[in-house]
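**Q** Got a structure for you, questions after.
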There are 2 protein chains.
Amino acid sequence: MTKRHFDDELIFLRGRILTMGGLCEEMIHEAVKILLARDPSFGDSVARNEERVNDLHIEIDDRCLKMIALNQPAAEDLRLITAAMKINSDLERVADQAVNVAETSAYLLKLPTLKAGHIPRMVDLATGMLKDSLDAFAHKDVDLARSVIQRDDEEDRLKSEVFTELLQIMQTDASTIQRALEIILISRNLERIADHATNIAEDVIFMVLGKDIRHKSGKE
Amino acid sequence: MTKRHFDDELIFLRGRILTMGGLCEEMIHEAVKILLARDPSFGDSVARNEERVNDLHIEIDDRCLKMIALNQPAAEDLRLITAAMKINSDLERVADQAVNVAETSAYLLKLPTLKAGHIPRMVDLATGMLKDSLDAFAHKDVDLARSVIQRDDEEDRLKSEVFTELLQIMQTDASTIQRALEIILISRNLERIADHATNIAEDVIFMVLGKDIRHKSGKE
């Protein structure tokens, strides 16, 4: 493969990752609409998008392996390809979480309504983090990646508030237990999506700087 | 790097992954002992082992990148190194789950006892899956990897039973709600550990056969 051809392949790989990320964002929004708009019809679209994400997951992994084997890249090019492989895994798991949210939301429609509390804020924060982590990847933007990592604490805080609030509701009115439990599980799914966005942001920083910031105190 | 030196490096890499896997197994057992033996002293050891896992996580990633850059491996050697990078990520997340179990268990000791139901069986199944997935990696054993993947459904089934059982207990006696919730969260952590073992088993099959079995119906 010529250098020119390899550079084209890198640009194409980046595009495939961004396509996959866009599908994941869409899946999260649709999954949550089932709950918040009380409209189960979004479930079909979540399922269709999951298939596309799964196809991309296999395609991107295969593409990365071939690029390494045929081009023997080093330094930043190699870090970009291995970052793409890791981001690929994270995105596939984001899609799994969106499917979980969709399934739990569809189940919740069968029960009486219970207020969703901080769930919409958790959704906005998690999808914003995911979007920015992928923009940081696309533009090799370390500052944006750092801002994603900083937002993760806020998502954890919201998750704890959801838990405390729903625990109180359950203890006051036992008829809400099942519904409240399901909403707590959705909040955990959203927190995991934010964790995946944080992983992606850490991979971007390593890709650009060649410096591993994981497991450092204060996350920096 | 000579071919001989590279082969030595591969053997060493495999050893580091197995060391990391052993630490993760230990962490899970210790975390659960806090709950089942009602002994919070195991928390220190979980925390110490997490530090070692985090150090290995960075070391192994770095080692893999250098091996690819310096040796330009192809085919099975390249698949082994990229499998090691993925297994490395999964093991680091297994350790995170063990820390979550340890923290939740320590919190549960402050509350009156509630029977742990299927939790011990979930622990045995998850740690068995993790151990076998790493043995499958060490011995390139596709059959063993397949058996790990097959066991994942049983872990999911146990998780659902824990949920159903505790939901009933909460609905009967509201004073148990908080404790029951925490045990449900532990069951989710254990299920995630089984998922990571399944991911590792899938990576092993791809490493050996060069065939991607993910996202296939019936998982084969």
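FYI, nothing fancy with the structure tokens labels: chains A, B, ... in order, residues from 1 per chain, ligands from 1 as they appear.
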Pick out the residues sitting within 10 Å of Gln168 of chain B, and hand them over as a ChimeraX atom specification; count only C-alpha atoms, and ignore anything fewer than 6 positions along from it in its own chain.
**A** /A:177-178 /B:180
**Q** Go ahead and dump the residues you just picked, C-alpha atoms, as an mmCIF file, in the first residue's frame.
**A**
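File out-v3.cif, as written:
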```cif
data_model
loop_
_atom_site.group_PDB
_atom_site.id
_atom_site.type_symbol
_atom_site.label_atom_id
_atom_site.label_comp_id
_atom_site.auth_asym_id
_atom_site.auth_seq_id
_atom_site.Cartn_x
_atom_site.Cartn_y
_atom_site.Cartn_z
ATOM 1 C CA ILE A 177 -41.037 -0.453 43.681
ATOM 2 C CA GLN A 178 -40.982 -2.233 40.349
ATOM 3 C CA ALA B 180 -32.318 -5.555 48.325
#
```
**Q** Dump as JSON lines the rows for residues of chain B within 7 Å of chain A: closest atom pair and distance in Å with one decimal, only C-alpha atoms counted, ordered by chain and rising residue number.
**A**
```
{"residue": "B:Asn54", "atom": "CA", "partner": "A:His215", "partner_atom": "CA", "distance": 6.3}
{"residue": "B:Ala69", "atom": "CA", "partner": "A:Ala74", "partner_atom": "CA", "distance": 5.1}
{"residue": "B:Gln72", "atom": "CA", "partner": "A:Gln72", "partner_atom": "CA", "distance": 5.2}
{"residue": "B:Pro73", "atom": "CA", "partner": "A:Ala69", "partner_atom": "CA", "distance": 6.8}
{"residue": "B:Ala74", "atom": "CA", "partner": "A:Ala69", "partner_atom": "CA", "distance": 5.1}
{"residue": "B:Leu167", "atom": "CA", "partner": "A:Gln178", "partner_atom": "CA", "distance": 6.9}
{"residue": "B:Gln171", "atom": "CA", "partner": "A:Ala174", "partner_atom": "CA", "distance": 6.0}
{"residue": "B:Ala174", "atom": "CA", "partner": "A:Gln171", "partner_atom": "CA", "distance": 5.9}
{"residue": "B:Ile177", "atom": "CA", "partner": "A:Gln171", "partner_atom": "CA", "distance": 6.9}
{"residue": "B:Gln178", "atom": "CA", "partner": "A:Leu167", "partner_atom": "CA", "distance": 6.9}
{"residue": "B:His215", "atom": "CA", "partner": "A:Asn54", "partner_atom": "CA", "distance": 6.4}
```
**Q** Would you output that residue set with N, CA and C atoms, as a short mmCIF file (atom, residue, chain, number, x, y, z; two decimals), in the first residue's frame?
**A**
```
data_model
loop_
_atom_site.label_atom_id
_atom_site.label_comp_id
_atom_site.auth_asym_id
_atom_site.auth_seq_id
_atom_site.Cartn_x
_atom_site.Cartn_y
_atom_site.Cartn_z
N ASN B 54 -4.14 -1.91 37.56
CA ASN B 54 -4.04 -0.67 36.78
C ASN B 54 -2.63 -0.48 36.21
N ALA B 69 5.04 -2.11 16.60
CA ALA B 69 5.87 -1.12 15.89
C ALA B 69 7.24 -1.71 15.52
N GLN B 72 6.43 -5.54 13.22
CA GLN B 72 5.52 -5.64 12.08
C GLN B 72 4.96 -7.04 11.90
N PRO B 73 4.35 -7.56 12.96
CA PRO B 73 3.83 -8.93 12.88
C PRO B 73 2.63 -9.01 11.93
N ALA B 74 2.39 -10.20 11.40
CA ALA B 74 1.22 -10.39 10.54
C ALA B 74 0.45 -11.62 11.01
N LEU B 167 -37.36 -8.42 44.26
CA LEU B 167 -38.52 -7.56 44.04
C LEU B 167 -39.67 -8.00 44.94
N GLN B 171 -41.42 -5.93 48.01
CA GLN B 171 -42.84 -5.61 47.97
C GLN B 171 -43.56 -6.13 49.21
N ALA B 174 -41.19 -3.46 53.12
CA ALA B 174 -40.53 -2.24 52.62
C ALA B 174 -39.23 -1.92 53.37
N ILE B 177 -35.99 -2.65 51.37
CA ILE B 177 -35.78 -2.08 50.03
C ILE B 177 -34.31 -1.71 49.77
N GLN B 178 -33.72 -0.96 50.70
CA GLN B 178 -32.37 -0.48 50.43
C GLN B 178 -31.38 -1.64 50.28
N HIS B 215 -21.72 -11.24 17.09
CA HIS B 215 -22.97 -10.80 16.46
C HIS B 215 -23.56 -11.83 15.51
#
```
**Q** Which residues are close to Thr19 of chain A, i.e. within 12 Å by only C-alpha atoms, leaving aside same-chain residues fewer than 2 positions away? Reply as number ranges by chain.
**A** A: 12-17, 21-26, 49, 52-53, 55-57, 60, 88, 91, 131, 134-135, 138
**Q** Those residues you just picked out, can you put them in a file as an mmCIF file, in the first residue's frame with C-alpha atoms?
**A**
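Dumped everything to out_4.cif:
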```
data_model
loop_
_atom_site.group_PDB
_atom_site.id
_atom_site.type_symbol
_atom_site.label_atom_id
_atom_site.label_comp_id
_atom_site.auth_asym_id
_atom_site.auth_seq_id
_atom_site.Cartn_x
_atom_site.Cartn_y
_atom_site.Cartn_z
ATOM 1 C CA PHE A 12 -11.844 6.479 5.650
ATOM 2 C CA LEU A 13 -11.362 4.630 8.963
ATOM 3 C CA ARG A 14 -12.004 7.844 10.882
ATOM 4 C CA GLY A 15 -15.200 8.313 8.880
ATOM 5 C CA ARG A 16 -16.417 4.810 9.715
ATOM 6 C CA ILE A 17 -15.860 5.432 13.436
ATOM 7 C CA GLY A 21 -20.753 6.999 16.770
ATOM 8 C CA GLY A 22 -23.605 8.864 15.069
ATOM 9 C CA LEU A 23 -25.690 5.692 14.992
ATOM 10 C CA CYS A 24 -25.025 5.167 18.710
ATOM 11 C CA GLU A 25 -26.132 8.706 19.564
ATOM 12 C CA GLU A 26 -29.296 8.163 17.543
ATOM 13 C CA ASN A 49 -29.493 0.669 14.136
ATOM 14 C CA ARG A 52 -25.789 -1.552 11.530
ATOM 15 C CA VAL A 53 -23.547 -0.895 14.552
ATOM 16 C CA ASP A 55 -21.818 -4.794 11.167
ATOM 17 C CA LEU A 56 -19.574 -1.755 11.529
ATOM 18 C CA HIS A 57 -17.995 -3.257 14.654
ATOM 19 C CA ILE A 60 -13.760 -1.673 11.535
ATOM 20 C CA ASN A 88 -14.864 0.555 18.157
ATOM 21 C CA LEU A 91 -19.140 2.156 20.737
ATOM 22 C CA LYS A 131 -20.478 13.395 20.770
ATOM 23 C CA LEU A 134 -15.830 11.544 18.941
ATOM 24 C CA ASP A 135 -15.279 15.163 17.821
ATOM 25 C CA ALA A 138 -11.911 13.459 14.629
#
```
**Q** As a PyMOL selection string, please: every residue in chain B that DSSP puts in alpha helix (DSSP H).
**A** chain B and resi 3-36+42-71+75-108+119-139+142-172+177-209
**Q** Tell me which protein, DNA and RNA residues are within 10 Å of Ser41 of chain A, counting only C-alpha atoms, leaving out same-chain ones fewer than 3 positions away, and put them as an NGL selection string.
**A** :A and (30-31 or 33-34 or 38 or 44-46 or 106)
**Q** Using only N, CA and C atoms, please write the residues we just selected to a file, as a PDB file, in the first residue's frame.
**A**
```
ATOM      1  N   GLU A  30     -33.380   7.621  20.641  1.00  0.00           N
ATOM      2  CA  GLU A  30     -34.598   6.867  20.341  1.00  0.00           C
ATOM      3  C   GLU A  30     -35.030   6.011  21.533  1.00  0.00           C
ATOM      4  N   ALA A  31     -34.047   5.383  22.173  1.00  0.00           N
ATOM      5  CA  ALA A  31     -34.357   4.499  23.311  1.00  0.00           C
ATOM      6  C   ALA A  31     -35.039   5.292  24.417  1.00  0.00           C
ATOM      7  N   LYS A  33     -36.662   8.107  24.050  1.00  0.00           N
ATOM      8  CA  LYS A  33     -37.976   8.610  23.606  1.00  0.00           C
ATOM      9  C   LYS A  33     -39.085   7.600  23.922  1.00  0.00           C
ATOM     10  N   ILE A  34     -38.755   6.315  23.887  1.00  0.00           N
ATOM     11  CA  ILE A  34     -39.764   5.299  24.241  1.00  0.00           C
ATOM     12  C   ILE A  34     -40.320   5.617  25.621  1.00  0.00           C
ATOM     13  N   ARG A  38     -43.384   8.186  25.755  1.00  0.00           N
ATOM     14  CA  ARG A  38     -44.270   7.020  25.902  1.00  0.00           C
ATOM     15  C   ARG A  38     -44.701   6.489  24.525  1.00  0.00           C
ATOM     16  N   ASP A  44     -38.249  -0.255  17.048  1.00  0.00           N
ATOM     17  CA  ASP A  44     -37.841  -0.843  15.760  1.00  0.00           C
ATOM     18  C   ASP A  44     -36.578  -0.180  15.231  1.00  0.00           C
ATOM     19  N   SER A  45     -36.555   1.136  15.339  1.00  0.00           N
ATOM     20  CA  SER A  45     -35.408   1.863  14.818  1.00  0.00           C
ATOM     21  C   SER A  45     -34.150   1.555  15.637  1.00  0.00           C
ATOM     22  N   VAL A  46     -34.305   1.424  16.965  1.00  0.00           N
ATOM     23  CA  VAL A  46     -33.160   1.042  17.806  1.00  0.00           C
ATOM     24  C   VAL A  46     -32.615  -0.310  17.341  1.00  0.00           C
ATOM     25  N   ALA A 106     -39.558   0.089  27.177  1.00  0.00           N
ATOM     26  CA  ALA A 106     -40.760  -0.537  26.611  1.00  0.00           C
ATOM     27  C   ALA A 106     -41.531  -1.270  27.709  1.00  0.00           C
TER      28      ALA A 106
END
```
**Q** From the set A:Glu154, A:Glu9, A:Asp124, A:Glu50, which residue has the shortest atom-to-atom contact distance to Ala95 of chain A, counting only C-alpha atoms?
**A**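 Distance minimum relative to Ala95 of chain A lands on A:Glu50.
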**Q** Rank nothing, just name the residue among A:Arg179, A:Gly117, A:Lys140, A:Val148 nearest to Ser160 of chain A, using only C-alpha atoms.
**A**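 Counting only C-alpha atoms, the residue closest to Ser160 of chain A is A:Gly117.
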**Q** Neighbouring residues of Ala145 of chain B were defined as those with any atom within 10 Å, considering only C-alpha atoms; residues of the same chain fewer than 2 positions away were excluded. Please report them as a list in words.
**A**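 The residues that qualify are Met129, Asp132, Ser133, Leu134, Asp135, Ala136, Phe137, Lys140, Asp141, Val142, Asp143, Ser147, Val148, Ile149, Gln150, Ala197, Thr198, Asn199, Ile200, Ala201, Glu202, Asp203, Val204 and Ile205 of chain B.
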**Q** Find the residues near Leu109 of chain B: any atom within 12 Å, counting only C-alpha atoms, skip ones fewer than 5 places away on the same chain, and give them as a PyMOL selection string.
**A** chain B and resi 32-41+102-104+114+179+182-183
